[in-house]
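See structure below.
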Amino acid sequence: MRIVLLGAPGSGKGTQSQRLVERVGIPQISTGDLLREAVARGTELGRQAKEAMDSGRLVEDSLVLGMIRERLGEPDARRGFILDGFPRNLAQAHALDRLLEALKQPLDAVVQLEVDSRELVRRIAGRRSCADCGRVFNLLTSPPSGARAVCPKTGAPHRLMQRPDDNEATVAERLRVYDEKTRPLIDFYRARGLLQVIDAEAAVDEVTARLAQALRVPALRAPKRAAGARRGAAKRARKPAKKKAAATAKRTRASRASPKRRSTRTRRAKAPRAGAVRGARRRKSTRR
Ligand SMILES: [Zn+2]
């Protein structure tokens with residue numbers, strides 16, 4: 001399954017990509033990570049990219065595409081990929097189209113996570129990360145609570161910090177750039193019959209369920225065992241009035257009781273797919 005997730009900063013794109021990586025077992029291809037890796041490894045493309053960055057120029061699309069092409073050649077990308085942070089504008093979308101056509105690996109779906117801009121600003125303002133372990137939290141949507149309140153690095157509560165570019169002025173500018181450059185991709189992919197828009201202004205689990213439905217991947221629905229269940233429980237306790245959440249919980253409980261589902265999970269636990277493991281490692285490294 002070859003997917004592009006589109007969404008403004010704060011739309012939950014990162015979180016939902018991680019869930020796809022964990023549950024569908026396809027790698028997340030982040031152009032930011034690719035650039036850093038290529039520079040660190042000192043490949044030819046990395047050398048050229050470093051030269052551009054050192055002289056304050058933007059890294060050319062052709063370089064980024066070269067890195068994507070190389071990355072798609074690795075074995076874990078054979079079953080598919082989620083492109084993260086690319087394309088960001090129409091020129092890149094056209095170039096990506098040509099590359100994937102040449103590789104005979106066309107996109108299966110492009111999903112736009114739609115969130116109202118006022119909500120985006122609110123969410124970004126709530127973002128915090130731990131200065132010690134690098135974990136990312138959101139005071140509004142995923143605060144450090146329960147077992148997640150303790151820092152694995154220090155054993156004490158996390159030391160939460162706000163990223164300098166998550167302040168209100170910078171957020172407004174990032175959203176403006178998104179609207180101007182990236183939003184036109186919605187029409188581009190709609191015209192190609194690839195676009196799915198989902199309302200991403202809901203609890204994280206509910207958005208995952210909508211994403212699963214849009215992509216028709218039932219495996220995506222299964223919540224991660226303990227942590228996911230606890231988070232869900234906490235959320236439900238805080239918002240008892242939400243009927244929709246209760247219904248989702250009921251469905252989740254029902255699916256958990258199904259022996260078929262359990263056996264699938266056991267199998268997966270015994271033999272993790274290479275892609276999943278790799279994905280987990282990559283994610284860890286991006287967080288730091
Ligand atoms: Zn921590």
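Identifiers in this document derive from the order of the structure tokens: chains are assigned A, B, ..., residues are numbered from 1 separately in each chain, and ligands are numbered from 1 in order of occurrence.
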- prompt: If you count only C-alpha atoms and all ligand atoms, which residues end up within 6 Å of ligand 1, as a ChimeraX atom specification?
  reply: /A:130,132-133,151,158
Write to file, as a CSV table (one decimal), in the first residue's frame, the residues of the selection just made, with N, CA and C atoms.
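What follows is the written file selection_11.csv:
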```
chain,number,residue,atom,x,y,z
A,130,CYS,N,9.7,16.0,26.1
A,130,CYS,CA,10.5,15.8,27.3
A,130,CYS,C,12.0,16.1,26.9
A,132,ASP,N,14.5,15.1,28.5
A,132,ASP,CA,15.4,14.0,28.8
A,132,ASP,C,15.2,12.8,27.8
A,133,CYS,N,14.0,12.4,27.6
A,133,CYS,CA,13.8,11.2,26.7
A,133,CYS,C,13.3,11.5,25.3
A,151,CYS,N,9.4,9.3,33.3
A,151,CYS,CA,10.4,9.4,32.3
A,151,CYS,C,11.3,8.1,32.3
A,158,HIS,N,8.5,13.5,33.4
A,158,HIS,CA,9.2,14.1,32.3
A,158,HIS,C,9.4,15.6,32.5
```
Counting only C-alpha atoms, which residues of range 164-196 of chain A fall within 12 Å of range 209-221 of chain A, and what is the closest atom pair for each with its distance in Å at one decimal, ordered by chain and rising number, as a Markdown table?
```
| residue | atom | partner | partner_atom | distance |
| --- | --- | --- | --- | --- |
| A:Leu194 | CA | A:Leu215 | CA | 10.8 |
| A:Leu195 | CA | A:Ala214 | CA | 9.9 |
| A:Gln196 | CA | A:Ala214 | CA | 6.7 |
```
Can you write just those residues out, N, CA and C atoms, as a PDB file, in the first residue's frame?
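Ended up saving to out23.pdb:
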```
ATOM      1  N   LEU A 194      -7.498   9.952  -6.354  1.00  0.00           N
ATOM      2  CA  LEU A 194      -6.773   9.295  -5.259  1.00  0.00           C
ATOM      3  C   LEU A 194      -7.152   9.840  -3.885  1.00  0.00           C
ATOM      4  N   LEU A 195      -7.827  10.994  -3.875  1.00  0.00           N
ATOM      5  CA  LEU A 195      -7.988  11.714  -2.608  1.00  0.00           C
ATOM      6  C   LEU A 195      -9.118  11.188  -1.724  1.00  0.00           C
ATOM      7  N   GLN A 196      -8.790  11.047  -0.439  1.00  0.00           N
ATOM      8  CA  GLN A 196      -9.791  10.768   0.586  1.00  0.00           C
ATOM      9  C   GLN A 196      -9.616  11.859   1.636  1.00  0.00           C
TER      10      GLN A 196
END
```
Residue with the minimum atom-to-atom distance to Asp187 in chain A, picked from A:Val24, A:Val110, A:Ala102, A:Ile124 with only C-alpha atoms counted, is A:Val110
| task | Name all residues at most 6 Å from range 83-89 of chain A (count only C-alpha atoms; drop same-chain ones fewer than 4 positions away) and give them as number ranges by chain. | result | A: 4, 29-30, 93, 181-182
For the residues in the current selection, export C-alpha atoms as a CSV table (one decimal), in the first residue's frame.
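Contents of the output file result06.csv:
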```csv
chain,number,residue,atom,x,y,z
A,4,VAL,CA,0.7,10.0,1.0
A,29,ILE,CA,9.6,7.5,4.5
A,30,SER,CA,10.4,10.9,5.9
A,93,ALA,CA,3.8,16.3,-6.6
A,181,LYS,CA,1.8,25.7,-1.1
A,182,THR,CA,0.5,22.4,0.1
```
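Of the listed residues (A:Leu34, A:Leu63, A:Leu107, A:Ala8), A:Leu107 comes nearest to Tyr189 in chain A; the distances count only C-alpha atoms.
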Write out as a list in words each polymer residue whose atoms come within 12 Å of Ala52 in chain A, counting only C-alpha atoms; drop sequence neighbours fewer than 5 positions from it.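 After dropping sequence-adjacent residues, the list is Leu35, Val39, Leu45, Gly46, Arg47, Arg57, Leu58, Val59, Glu60, Asp61, Leu63 and Val64 of chain A.
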Mind writing the picked residues with N, CA and C atoms as a compact mmCIF listing (two decimals), in the first residue's frame?
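Wrote again-v1.txt, looks like this:
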```txt
# COMPACT_ATOMS: atom_id res chain seq x y z
N LEU A 35 17.32 12.93 4.35
CA LEU A 35 18.37 13.93 4.18
C LEU A 35 19.43 13.79 5.26
N VAL A 39 23.35 12.62 4.59
CA VAL A 39 24.45 13.50 4.98
C VAL A 39 25.38 12.75 5.94
N LEU A 45 24.56 11.79 -2.92
CA LEU A 45 23.41 12.68 -2.78
C LEU A 45 23.51 13.47 -1.47
N GLY A 46 24.01 12.79 -0.43
CA GLY A 46 24.16 13.45 0.87
C GLY A 46 25.17 14.59 0.80
N ARG A 47 26.26 14.35 0.06
CA ARG A 47 27.30 15.36 -0.08
C ARG A 47 26.72 16.60 -0.77
N ARG A 57 21.15 27.30 0.83
CA ARG A 57 20.18 27.09 -0.25
C ARG A 57 19.21 26.00 0.15
N LEU A 58 18.05 25.98 -0.52
CA LEU A 58 17.12 24.87 -0.33
C LEU A 58 17.68 23.64 -1.05
N VAL A 59 17.44 22.48 -0.50
CA VAL A 59 17.87 21.26 -1.18
C VAL A 59 16.94 21.04 -2.37
N GLU A 60 17.53 20.85 -3.55
CA GLU A 60 16.72 20.74 -4.76
C GLU A 60 15.83 19.50 -4.74
N ASP A 61 14.67 19.64 -5.38
CA ASP A 61 13.73 18.53 -5.44
C ASP A 61 14.36 17.29 -6.06
N LEU A 63 17.33 16.20 -5.84
CA LEU A 63 18.12 15.47 -4.85
C LEU A 63 17.22 14.65 -3.93
N VAL A 64 16.16 15.31 -3.46
CA VAL A 64 15.23 14.62 -2.55
C VAL A 64 14.60 13.43 -3.25
```
* **CA of Asp116 in chain A to CA of Asp165 in chain A, straight-line distance in Å** =>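 According to the coordinates, CA of Asp165 in chain A and CA of Asp116 in chain A are separated by 19.8 Å.
Considering the residues A:Met161, A:Val207, A:Leu120, A:Leu140 and counting only C-alpha atoms, Arg176 in chain A has its shortest atom-to-atom contact with A:Leu120.
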